[in-house]
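Down below is the structure, laid out as structure tokens.
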Amino acid sequence: MSGRRRVLVVGGTGYLGQHLLQAFSETEFDLAFTHFSNPPPHPFLHAFPHFLPFHVDLRTGQGFQAISDTFGQPDVVVNCAALSVPRDCEADPAAAMSINVPSLLVNWLLSFGVNKTFLIHLSTDQVYEGLKSFYKEEDEAVPVNVYGESKIAAEQFISEKCSNFAVLRSSIIFGPQTISPVPKSLPIQWIDGVLSKGNAVDFFHDEFRCPVYVTDVVSIVVALSEKWISEGKQVRLLLNVGGPDRVSRVQMAETVAEIRGYNKSLIKSVSASSVDRGVKSPADISMDITKLVETLGISPVSFKDGVRLTLSDKAKS
């Protein structure tokens, strides 16, 4: 390997992972990524021909030794991998814990003996109970479902074991599709798709989040990485990562309708309690992002501007 600094993106074929690799490709870092689907999709490999792919199973640790042998100790690891569908976590708590608590990833990093790796770990706003608006990082985390429990367990494990880390409690991440389209439905594209058909659709009016535009999340990760590499000072950081706007699903749909010119009467307002999703969901996990803005000087774009950018990109593609 060259003498350049090394960045490893864990979960590199996922939605955020692909956007991160695209951004990191414009930096001076050597890049590697892990994937669980084997092999990565051809469009993905074609887009990132110089990045080293590694098949890794976070539940068993299989694949980490190959990274040690070929890539070496990373300077920065960004962990985007997760079992992130709450219903799936509820159905299989053991899988949620084994994937979402990165114990084998952290133990592998500790095995190098030299403490020079900065871990950036993606957590979730679902660690909050959802009983008030605009949670701050120091507010008590009281998750109401297995997904949230697994993510707070991950935060605690990292805090206990790692010397240098940033935990990012992310809200819903939205934005353009990836180079190699991901199988899961993307929130804005899904809303646009159902409203474009002209049929009435139910949306919740009583669950609130602070959706964040994907490019802002990428900017935060890149800024943290570059800061660590240039300064090398110990970092133990917890940040809420959301957009500036607290919105319900109804308000999300209304924003898409306004930009697209759809009839807003298609948007039917219903209570979240009217639908059995097989998992408890927190009502209001909007977040205060003052610490994020003050720490990094990054101010995420408004929800409306992010939606406009997302739909503009969709029209181009």
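By convention here, the chains of the structure tokens are called A, B, ... in the order presented, each chain's residues are numbered starting at 1, and ligands are numbered starting at 1 in the order presented.
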
Identify all residues of region 156-234 of chain A in helix (DSSP H, G or I) (DSSP on the backbone) and supply them as a ChimeraX atom specification.
-> /A:156-161,187-196,214-231

Quick one: write out the picked residues with N, CA and C atoms as a tab-separated table (two decimals), in the first residue's frame?
chain	number	residue	atom	x	y	z
A	156	GLN	N	-22.84	2.35	23.65
A	156	GLN	CA	-22.20	2.07	24.94
A	156	GLN	C	-20.95	1.24	24.76
A	157	PHE	N	-21.00	0.25	23.88
A	157	PHE	CA	-19.84	-0.60	23.63
A	157	PHE	C	-18.67	0.22	23.07
A	158	ILE	N	-18.98	1.07	22.11
A	158	ILE	CA	-17.94	1.90	21.49
A	158	ILE	C	-17.34	2.86	22.51
A	159	SER	N	-18.18	3.47	23.34
A	159	SER	CA	-17.70	4.41	24.35
A	159	SER	C	-16.78	3.73	25.36
A	160	GLU	N	-17.08	2.47	25.68
A	160	GLU	CA	-16.27	1.73	26.65
A	160	GLU	C	-14.95	1.24	26.05
A	161	LYS	N	-14.95	0.87	24.79
A	161	LYS	CA	-13.80	0.20	24.19
A	161	LYS	C	-12.88	1.11	23.38
A	187	PRO	N	-37.27	7.39	0.70
A	187	PRO	CA	-38.50	8.06	1.18
A	187	PRO	C	-39.11	9.07	0.23
A	188	ILE	N	-38.31	9.97	-0.31
A	188	ILE	CA	-38.88	11.02	-1.17
A	188	ILE	C	-39.32	10.43	-2.50
A	189	GLN	N	-38.51	9.53	-3.05
A	189	GLN	CA	-38.87	8.89	-4.31
A	189	GLN	C	-40.15	8.07	-4.17
A	190	TRP	N	-40.32	7.43	-2.99
A	190	TRP	CA	-41.54	6.64	-2.77
A	190	TRP	C	-42.76	7.55	-2.70
A	191	ILE	N	-42.66	8.64	-1.94
A	191	ILE	CA	-43.78	9.58	-1.84
A	191	ILE	C	-44.13	10.14	-3.23
A	192	ASP	N	-43.11	10.52	-3.98
A	192	ASP	CA	-43.32	11.06	-5.32
A	192	ASP	C	-44.02	10.03	-6.21
A	193	GLY	N	-43.59	8.78	-6.09
A	193	GLY	CA	-44.16	7.71	-6.91
A	193	GLY	C	-45.63	7.47	-6.63
A	194	VAL	N	-46.00	7.42	-5.33
A	194	VAL	CA	-47.41	7.12	-5.02
A	194	VAL	C	-48.31	8.31	-5.32
A	195	LEU	N	-47.84	9.53	-5.09
A	195	LEU	CA	-48.68	10.70	-5.38
A	195	LEU	C	-48.84	10.92	-6.89
A	196	SER	N	-47.82	10.53	-7.65
A	196	SER	CA	-47.89	10.75	-9.11
A	196	SER	C	-48.98	9.90	-9.77
A	214	VAL	N	-28.75	13.62	2.34
A	214	VAL	CA	-27.59	12.71	2.37
A	214	VAL	C	-26.26	13.44	2.16
A	215	THR	N	-26.25	14.46	1.31
A	215	THR	CA	-25.00	15.19	1.08
A	215	THR	C	-24.50	15.87	2.34
A	216	ASP	N	-25.42	16.28	3.21
A	216	ASP	CA	-25.02	16.88	4.49
A	216	ASP	C	-24.38	15.84	5.40
A	217	VAL	N	-24.95	14.63	5.43
A	217	VAL	CA	-24.36	13.56	6.24
A	217	VAL	C	-22.96	13.24	5.73
A	218	VAL	N	-22.81	13.16	4.42
A	218	VAL	CA	-21.50	12.90	3.82
A	218	VAL	C	-20.51	14.00	4.19
A	219	SER	N	-20.94	15.25	4.10
A	219	SER	CA	-20.06	16.37	4.45
A	219	SER	C	-19.59	16.28	5.89
A	220	ILE	N	-20.48	15.86	6.78
A	220	ILE	CA	-20.15	15.71	8.20
A	220	ILE	C	-19.08	14.63	8.38
A	221	VAL	N	-19.27	13.49	7.73
A	221	VAL	CA	-18.32	12.38	7.86
A	221	VAL	C	-16.95	12.76	7.29
A	222	VAL	N	-16.95	13.38	6.12
A	222	VAL	CA	-15.67	13.78	5.49
A	222	VAL	C	-14.97	14.83	6.36
A	223	ALA	N	-15.73	15.79	6.88
A	223	ALA	CA	-15.13	16.83	7.73
A	223	ALA	C	-14.52	16.23	8.98
A	224	LEU	N	-15.21	15.29	9.62
A	224	LEU	CA	-14.68	14.63	10.81
A	224	LEU	C	-13.41	13.85	10.48
A	225	SER	N	-13.41	13.17	9.33
A	225	SER	CA	-12.25	12.37	8.91
A	225	SER	C	-11.03	13.26	8.67
A	226	GLU	N	-11.25	14.34	7.94
A	226	GLU	CA	-10.14	15.24	7.62
A	226	GLU	C	-9.60	15.94	8.86
A	227	LYS	N	-10.51	16.26	9.78
A	227	LYS	CA	-10.11	16.91	11.04
A	227	LYS	C	-9.24	15.96	11.86
A	228	TRP	N	-9.65	14.71	11.94
A	228	TRP	CA	-8.88	13.71	12.68
A	228	TRP	C	-7.49	13.52	12.07
A	229	ILE	N	-7.44	13.40	10.77
A	229	ILE	CA	-6.17	13.13	10.11
A	229	ILE	C	-5.23	14.33	10.18
A	230	SER	N	-5.77	15.53	10.13
A	230	SER	CA	-4.90	16.72	10.16
A	230	SER	C	-4.46	17.08	11.58
A	231	GLU	N	-5.32	16.81	12.58
A	231	GLU	CA	-5.00	17.22	13.95
A	231	GLU	C	-4.53	16.06	14.83

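For region 201-240 of chain A, backbone-based DSSP assignment of strand (DSSP E) covers Val201, Asp202, Phe203, Phe204, Phe208, Arg209, Val212, Tyr213, Arg236, Leu237, Leu238, Leu239 and Asn240 of chain A.
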
Preceding selection exported with C-alpha atoms as a PDB file, in the first residue's frame:
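Everything below was put into selection.pdb:
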ATOM      1  CA  VAL A 201     -52.623   7.775   0.203  1.00  0.00           C
ATOM      2  CA  ASP A 202     -52.526   7.676   4.022  1.00  0.00           C
ATOM      3  CA  PHE A 203     -49.716   9.491   5.848  1.00  0.00           C
ATOM      4  CA  PHE A 204     -49.129   9.828   9.605  1.00  0.00           C
ATOM      5  CA  PHE A 208     -42.116  13.660  13.841  1.00  0.00           C
ATOM      6  CA  ARG A 209     -38.520  13.417  12.625  1.00  0.00           C
ATOM      7  CA  VAL A 212     -31.410  15.020   6.776  1.00  0.00           C
ATOM      8  CA  TYR A 213     -30.181  15.373   3.192  1.00  0.00           C
ATOM      9  CA  ARG A 236     -14.904  11.232  21.832  1.00  0.00           C
ATOM     10  CA  LEU A 237     -17.932  12.802  20.205  1.00  0.00           C
ATOM     11  CA  LEU A 238     -21.694  12.260  20.168  1.00  0.00           C
ATOM     12  CA  LEU A 239     -23.685  14.297  17.661  1.00  0.00           C
ATOM     13  CA  ASN A 240     -27.324  14.527  16.614  1.00  0.00           C
TER      14      ASN A 240
END

Among A:Ser271, A:Thr295, A:Ser98, A:Thr310, Ile173 (chain A) is approached most closely, using only C-alpha atoms, by A:Thr310

Which residues are near Pro282 (chain A)? Cut-off 12 Å, only C-alpha atoms, ignore same chain within fewer than 5 positions. Put them as an mmCIF file with all heavy atoms, in the first residue's frame.
data_model
loop_
_atom_site.group_PDB
_atom_site.id
_atom_site.type_symbol
_atom_site.label_atom_id
_atom_site.label_comp_id
_atom_site.auth_asym_id
_atom_site.auth_seq_id
_atom_site.Cartn_x
_atom_site.Cartn_y
_atom_site.Cartn_z
ATOM 1 N N PRO A 86 -36.825 -1.575 11.642
ATOM 2 C CA PRO A 86 -37.264 -1.902 13.000
ATOM 3 C C PRO A 86 -38.074 -3.187 13.107
ATOM 4 O O PRO A 86 -37.910 -3.950 14.061
ATOM 5 C CB PRO A 86 -38.082 -0.668 13.404
ATOM 6 C CG PRO A 86 -37.448 0.454 12.655
ATOM 7 C CD PRO A 86 -37.089 -0.147 11.315
ATOM 8 N N ASP A 125 -31.759 8.270 15.524
ATOM 9 C CA ASP A 125 -32.620 9.064 16.402
ATOM 10 C C ASP A 125 -33.573 8.170 17.187
ATOM 11 O O ASP A 125 -34.195 8.605 18.163
ATOM 12 C CB ASP A 125 -33.405 10.116 15.602
ATOM 13 C CG ASP A 125 -34.188 9.532 14.428
ATOM 14 O OD1 ASP A 125 -34.159 8.298 14.221
ATOM 15 O OD2 ASP A 125 -34.817 10.311 13.685
ATOM 16 N N GLN A 126 -33.686 6.900 16.798
ATOM 17 C CA GLN A 126 -34.608 5.995 17.491
ATOM 18 C C GLN A 126 -34.079 5.504 18.842
ATOM 19 O O GLN A 126 -34.699 4.645 19.482
ATOM 20 C CB GLN A 126 -34.985 4.821 16.588
ATOM 21 C CG GLN A 126 -35.808 5.268 15.398
ATOM 22 C CD GLN A 126 -36.785 4.217 14.916
ATOM 23 O OE1 GLN A 126 -37.392 3.488 15.678
ATOM 24 N NE2 GLN A 126 -36.952 4.154 13.604
ATOM 25 N N VAL A 127 -32.960 6.059 19.297
ATOM 26 C CA VAL A 127 -32.533 5.796 20.676
ATOM 27 C C VAL A 127 -33.354 6.642 21.658
ATOM 28 O O VAL A 127 -33.364 6.377 22.863
ATOM 29 C CB VAL A 127 -31.023 6.062 20.896
ATOM 30 C CG1 VAL A 127 -30.184 5.176 19.986
ATOM 31 C CG2 VAL A 127 -30.682 7.534 20.683
ATOM 32 N N TYR A 128 -34.041 7.672 21.146
ATOM 33 C CA TYR A 128 -34.849 8.544 22.004
ATOM 34 C C TYR A 128 -36.253 7.974 22.177
ATOM 35 O O TYR A 128 -36.774 7.275 21.295
ATOM 36 C CB TYR A 128 -34.916 9.954 21.428
ATOM 37 C CG TYR A 128 -33.567 10.642 21.350
ATOM 38 C CD1 TYR A 128 -33.031 11.039 20.117
ATOM 39 C CD2 TYR A 128 -32.832 10.902 22.495
ATOM 40 C CE1 TYR A 128 -31.801 11.676 20.043
ATOM 41 C CE2 TYR A 128 -31.592 11.538 22.428
ATOM 42 C CZ TYR A 128 -31.078 11.924 21.202
ATOM 43 O OH TYR A 128 -29.859 12.541 21.134
ATOM 44 N N GLU A 129 -36.886 8.328 23.311
ATOM 45 C CA GLU A 129 -38.185 7.750 23.653
ATOM 46 C C GLU A 129 -39.318 8.321 22.817
ATOM 47 O O GLU A 129 -40.307 7.649 22.552
ATOM 48 C CB GLU A 129 -38.460 7.971 25.143
ATOM 49 C CG GLU A 129 -39.646 7.205 25.668
ATOM 50 C CD GLU A 129 -39.764 7.280 27.183
ATOM 51 O OE1 GLU A 129 -39.002 8.052 27.808
ATOM 52 O OE2 GLU A 129 -40.619 6.572 27.738
ATOM 53 N N GLY A 130 -39.202 9.594 22.415
ATOM 54 C CA GLY A 130 -40.209 10.179 21.542
ATOM 55 C C GLY A 130 -41.328 10.893 22.255
ATOM 56 O O GLY A 130 -42.432 11.010 21.717
ATOM 57 N N LEU A 131 -41.049 11.385 23.464
ATOM 58 C CA LEU A 131 -42.101 12.027 24.254
ATOM 59 C C LEU A 131 -42.032 13.550 24.227
ATOM 60 O O LEU A 131 -42.834 14.211 24.881
ATOM 61 C CB LEU A 131 -42.032 11.533 25.711
ATOM 62 C CG LEU A 131 -42.215 10.023 25.905
ATOM 63 C CD1 LEU A 131 -42.140 9.684 27.387
ATOM 64 C CD2 LEU A 131 -43.545 9.564 25.312
ATOM 65 N N LYS A 132 -41.065 14.121 23.509
ATOM 66 C CA LYS A 132 -40.948 15.579 23.441
ATOM 67 C C LYS A 132 -40.292 15.953 22.121
ATOM 68 O O LYS A 132 -39.935 15.085 21.328
ATOM 69 C CB LYS A 132 -40.125 16.106 24.613
ATOM 70 C CG LYS A 132 -38.658 15.673 24.587
ATOM 71 C CD LYS A 132 -37.858 16.434 25.649
ATOM 72 C CE LYS A 132 -36.366 16.323 25.357
ATOM 73 N NZ LYS A 132 -35.574 17.263 26.149
ATOM 74 N N SER A 133 -40.140 17.246 21.887
ATOM 75 C CA SER A 133 -39.537 17.716 20.647
ATOM 76 C C SER A 133 -38.084 18.131 20.883
ATOM 77 O O SER A 133 -37.712 18.556 21.972
ATOM 78 C CB SER A 133 -40.317 18.912 20.092
ATOM 79 O OG SER A 133 -41.667 18.567 19.860
ATOM 80 N N ALA A 141 -31.400 8.457 26.790
ATOM 81 C CA ALA A 141 -31.813 7.601 25.685
ATOM 82 C C ALA A 141 -32.672 6.465 26.239
ATOM 83 O O ALA A 141 -32.208 5.681 27.068
ATOM 84 C CB ALA A 141 -30.589 7.042 24.957
ATOM 85 N N VAL A 142 -33.927 6.413 25.791
ATOM 86 C CA VAL A 142 -34.860 5.374 26.256
ATOM 87 C C VAL A 142 -35.548 4.784 25.024
ATOM 88 O O VAL A 142 -36.666 5.169 24.673
ATOM 89 C CB VAL A 142 -35.914 5.955 27.230
ATOM 90 C CG1 VAL A 142 -36.788 4.829 27.794
ATOM 91 C CG2 VAL A 142 -35.259 6.735 28.351
ATOM 92 N N PRO A 143 -34.881 3.870 24.324
ATOM 93 C CA PRO A 143 -35.484 3.326 23.098
ATOM 94 C C PRO A 143 -36.739 2.521 23.388
ATOM 95 O O PRO A 143 -36.861 1.891 24.444
ATOM 96 C CB PRO A 143 -34.373 2.437 22.524
ATOM 97 C CG PRO A 143 -33.448 2.152 23.671
ATOM 98 C CD PRO A 143 -33.550 3.313 24.602
ATOM 99 N N VAL A 144 -37.675 2.547 22.432
ATOM 100 C CA VAL A 144 -38.959 1.852 22.624
ATOM 101 C C VAL A 144 -39.052 0.573 21.790
ATOM 102 O O VAL A 144 -40.071 -0.114 21.852
ATOM 103 C CB VAL A 144 -40.147 2.780 22.272
ATOM 104 C CG1 VAL A 144 -40.127 4.026 23.135
ATOM 105 C CG2 VAL A 144 -40.164 3.139 20.781
ATOM 106 N N ASN A 145 -38.003 0.257 21.014
ATOM 107 C CA ASN A 145 -38.035 -0.967 20.207
ATOM 108 C C ASN A 145 -36.642 -1.605 20.176
ATOM 109 O O ASN A 145 -35.654 -1.013 20.642
ATOM 110 C CB ASN A 145 -38.563 -0.690 18.796
ATOM 111 C CG ASN A 145 -37.797 0.420 18.081
ATOM 112 O OD1 ASN A 145 -36.575 0.509 18.186
ATOM 113 N ND2 ASN A 145 -38.512 1.263 17.347
ATOM 114 N N VAL A 146 -36.565 -2.804 19.639
ATOM 115 C CA VAL A 146 -35.306 -3.561 19.621
ATOM 116 C C VAL A 146 -34.247 -2.843 18.785
ATOM 117 O O VAL A 146 -33.061 -2.833 19.141
ATOM 118 C CB VAL A 146 -35.537 -4.993 19.089
ATOM 119 C CG1 VAL A 146 -34.215 -5.715 18.854
ATOM 120 C CG2 VAL A 146 -36.405 -5.780 20.055
ATOM 121 N N TYR A 147 -34.667 -2.233 17.679
ATOM 122 C CA TYR A 147 -33.710 -1.492 16.852
ATOM 123 C C TYR A 147 -33.013 -0.416 17.676
ATOM 124 O O TYR A 147 -31.782 -0.326 17.700
ATOM 125 C CB TYR A 147 -34.426 -0.871 15.648
ATOM 126 C CG TYR A 147 -33.550 0.027 14.808
ATOM 127 C CD1 TYR A 147 -32.348 -0.445 14.268
ATOM 128 C CD2 TYR A 147 -33.914 1.347 14.551
ATOM 129 C CE1 TYR A 147 -31.542 0.381 13.496
ATOM 130 C CE2 TYR A 147 -33.119 2.170 13.778
ATOM 131 C CZ TYR A 147 -31.929 1.685 13.261
ATOM 132 O OH TYR A 147 -31.122 2.504 12.495
ATOM 133 N N GLY A 148 -33.787 0.406 18.375
ATOM 134 C CA GLY A 148 -33.206 1.444 19.215
ATOM 135 C C GLY A 148 -32.336 0.869 20.314
ATOM 136 O O GLY A 148 -31.257 1.399 20.635
ATOM 137 N N ASP A 206 -48.837 12.316 13.213
ATOM 138 C CA ASP A 206 -48.426 12.426 14.617
ATOM 139 C C ASP A 206 -47.110 11.716 14.932
ATOM 140 O O ASP A 206 -46.866 11.311 16.066
ATOM 141 C CB ASP A 206 -49.545 11.917 15.533
ATOM 142 C CG ASP A 206 -50.059 10.535 15.151
ATOM 143 O OD1 ASP A 206 -49.555 9.961 14.161
ATOM 144 O OD2 ASP A 206 -50.967 10.027 15.842
ATOM 145 N N GLU A 207 -46.261 11.531 13.935
ATOM 146 C CA GLU A 207 -44.883 11.090 14.158
ATOM 147 C C GLU A 207 -43.959 12.118 13.525
ATOM 148 O O GLU A 207 -44.141 12.480 12.356
ATOM 149 C CB GLU A 207 -44.621 9.706 13.554
ATOM 150 C CG GLU A 207 -45.154 8.580 14.403
ATOM 151 C CD GLU A 207 -44.663 7.210 13.945
ATOM 152 O OE1 GLU A 207 -43.906 7.117 12.959
ATOM 153 O OE2 GLU A 207 -45.046 6.226 14.589
ATOM 154 N N PHE A 208 -42.960 12.553 14.293
ATOM 155 C CA PHE A 208 -42.116 13.660 13.841
ATOM 156 C C PHE A 208 -40.634 13.278 13.842
ATOM 157 O O PHE A 208 -40.140 12.667 14.786
ATOM 158 C CB PHE A 208 -42.328 14.892 14.726
ATOM 159 C CG PHE A 208 -43.725 15.432 14.677
ATOM 160 C CD1 PHE A 208 -44.697 14.973 15.558
ATOM 161 C CD2 PHE A 208 -44.077 16.374 13.730
ATOM 162 C CE1 PHE A 208 -45.995 15.458 15.509
ATOM 163 C CE2 PHE A 208 -45.376 16.872 13.665
ATOM 164 C CZ PHE A 208 -46.332 16.409 14.560
ATOM 165 N N ARG A 209 -39.959 13.656 12.770
ATOM 166 C CA ARG A 209 -38.520 13.417 12.625
ATOM 167 C C ARG A 209 -37.878 14.694 12.076
ATOM 168 O O ARG A 209 -38.574 15.652 11.700
ATOM 169 C CB ARG A 209 -38.242 12.264 11.635
ATOM 170 C CG ARG A 209 -39.001 10.974 11.888
ATOM 171 C CD ARG A 209 -38.449 10.146 13.027
ATOM 172 N NE ARG A 209 -37.168 9.531 12.727
ATOM 173 C CZ ARG A 209 -36.994 8.354 12.124
ATOM 174 N NH1 ARG A 209 -38.043 7.681 11.691
ATOM 175 N NH2 ARG A 209 -35.795 7.856 11.935
ATOM 176 N N ALA A 272 -50.684 7.415 13.554
ATOM 177 C CA ALA A 272 -49.786 6.256 13.497
ATOM 178 C C ALA A 272 -50.394 5.063 14.227
ATOM 179 O O ALA A 272 -50.129 3.906 13.875
ATOM 180 C CB ALA A 272 -48.436 6.612 14.100
ATOM 181 N N SER A 273 -51.236 5.343 15.231
ATOM 182 C CA SER A 273 -51.844 4.258 16.012
ATOM 183 C C SER A 273 -52.885 3.473 15.216
ATOM 184 O O SER A 273 -53.320 2.398 15.632
ATOM 185 C CB SER A 273 -52.490 4.823 17.277
ATOM 186 O OG SER A 273 -53.528 5.727 16.946
#

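The closest residue to Leu119 (chain A), picked from A:Pro39, A:Gly175, A:Pro74, A:Pro93 and counting only C-alpha atoms, is A:Pro74.
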
Skip Phe303 (chain A) itself and residues of its chain fewer than 3 positions away, then list as a list in words all residues within 7 Å of it, counting only C-alpha atoms.
-> Pro211, Gly243, Asp245, Gly306 and Val307 of chain A

Give me a file of those residues, with N, CA, C and O atoms, as a tab-separated table (two decimals), in the first residue's frame.
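Output below, filename selection-v4.tsv:
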chain	number	residue	atom	x	y	z
A	211	PRO	N	-35.64	14.84	9.07
A	211	PRO	CA	-34.93	14.20	7.96
A	211	PRO	C	-33.73	15.03	7.50
A	211	PRO	O	-33.78	16.27	7.48
A	243	GLY	N	-31.79	17.22	9.94
A	243	GLY	CA	-32.02	18.49	9.26
A	243	GLY	C	-32.58	19.51	10.25
A	243	GLY	O	-32.88	19.16	11.40
A	245	ASP	N	-35.47	20.97	10.21
A	245	ASP	CA	-36.93	21.03	10.26
A	245	ASP	C	-37.55	19.78	10.90
A	245	ASP	O	-37.20	18.65	10.54
A	306	GLY	N	-33.84	20.22	0.37
A	306	GLY	CA	-33.34	18.86	0.13
A	306	GLY	C	-34.26	18.08	-0.78
A	306	GLY	O	-33.80	17.35	-1.67
A	307	VAL	N	-35.56	18.23	-0.58
A	307	VAL	CA	-36.53	17.54	-1.45
A	307	VAL	C	-36.41	18.06	-2.88
A	307	VAL	O	-36.43	17.29	-3.85

Choose the residue, out of A:Thr290, A:Ser84, A:Asn263, A:Thr34, that has the smallest atom-to-atom separation from Ala200 (chain A); count only C-alpha atoms.
-> A:Asn263

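Here CA of Pro176 (chain A) is placed at a distance of 8.8 Å from CA of Ser312 (chain A).
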
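Pairwise distance (CA of Gln73 (chain A), CA of Leu45 (chain A)) equals 22.7 Å.
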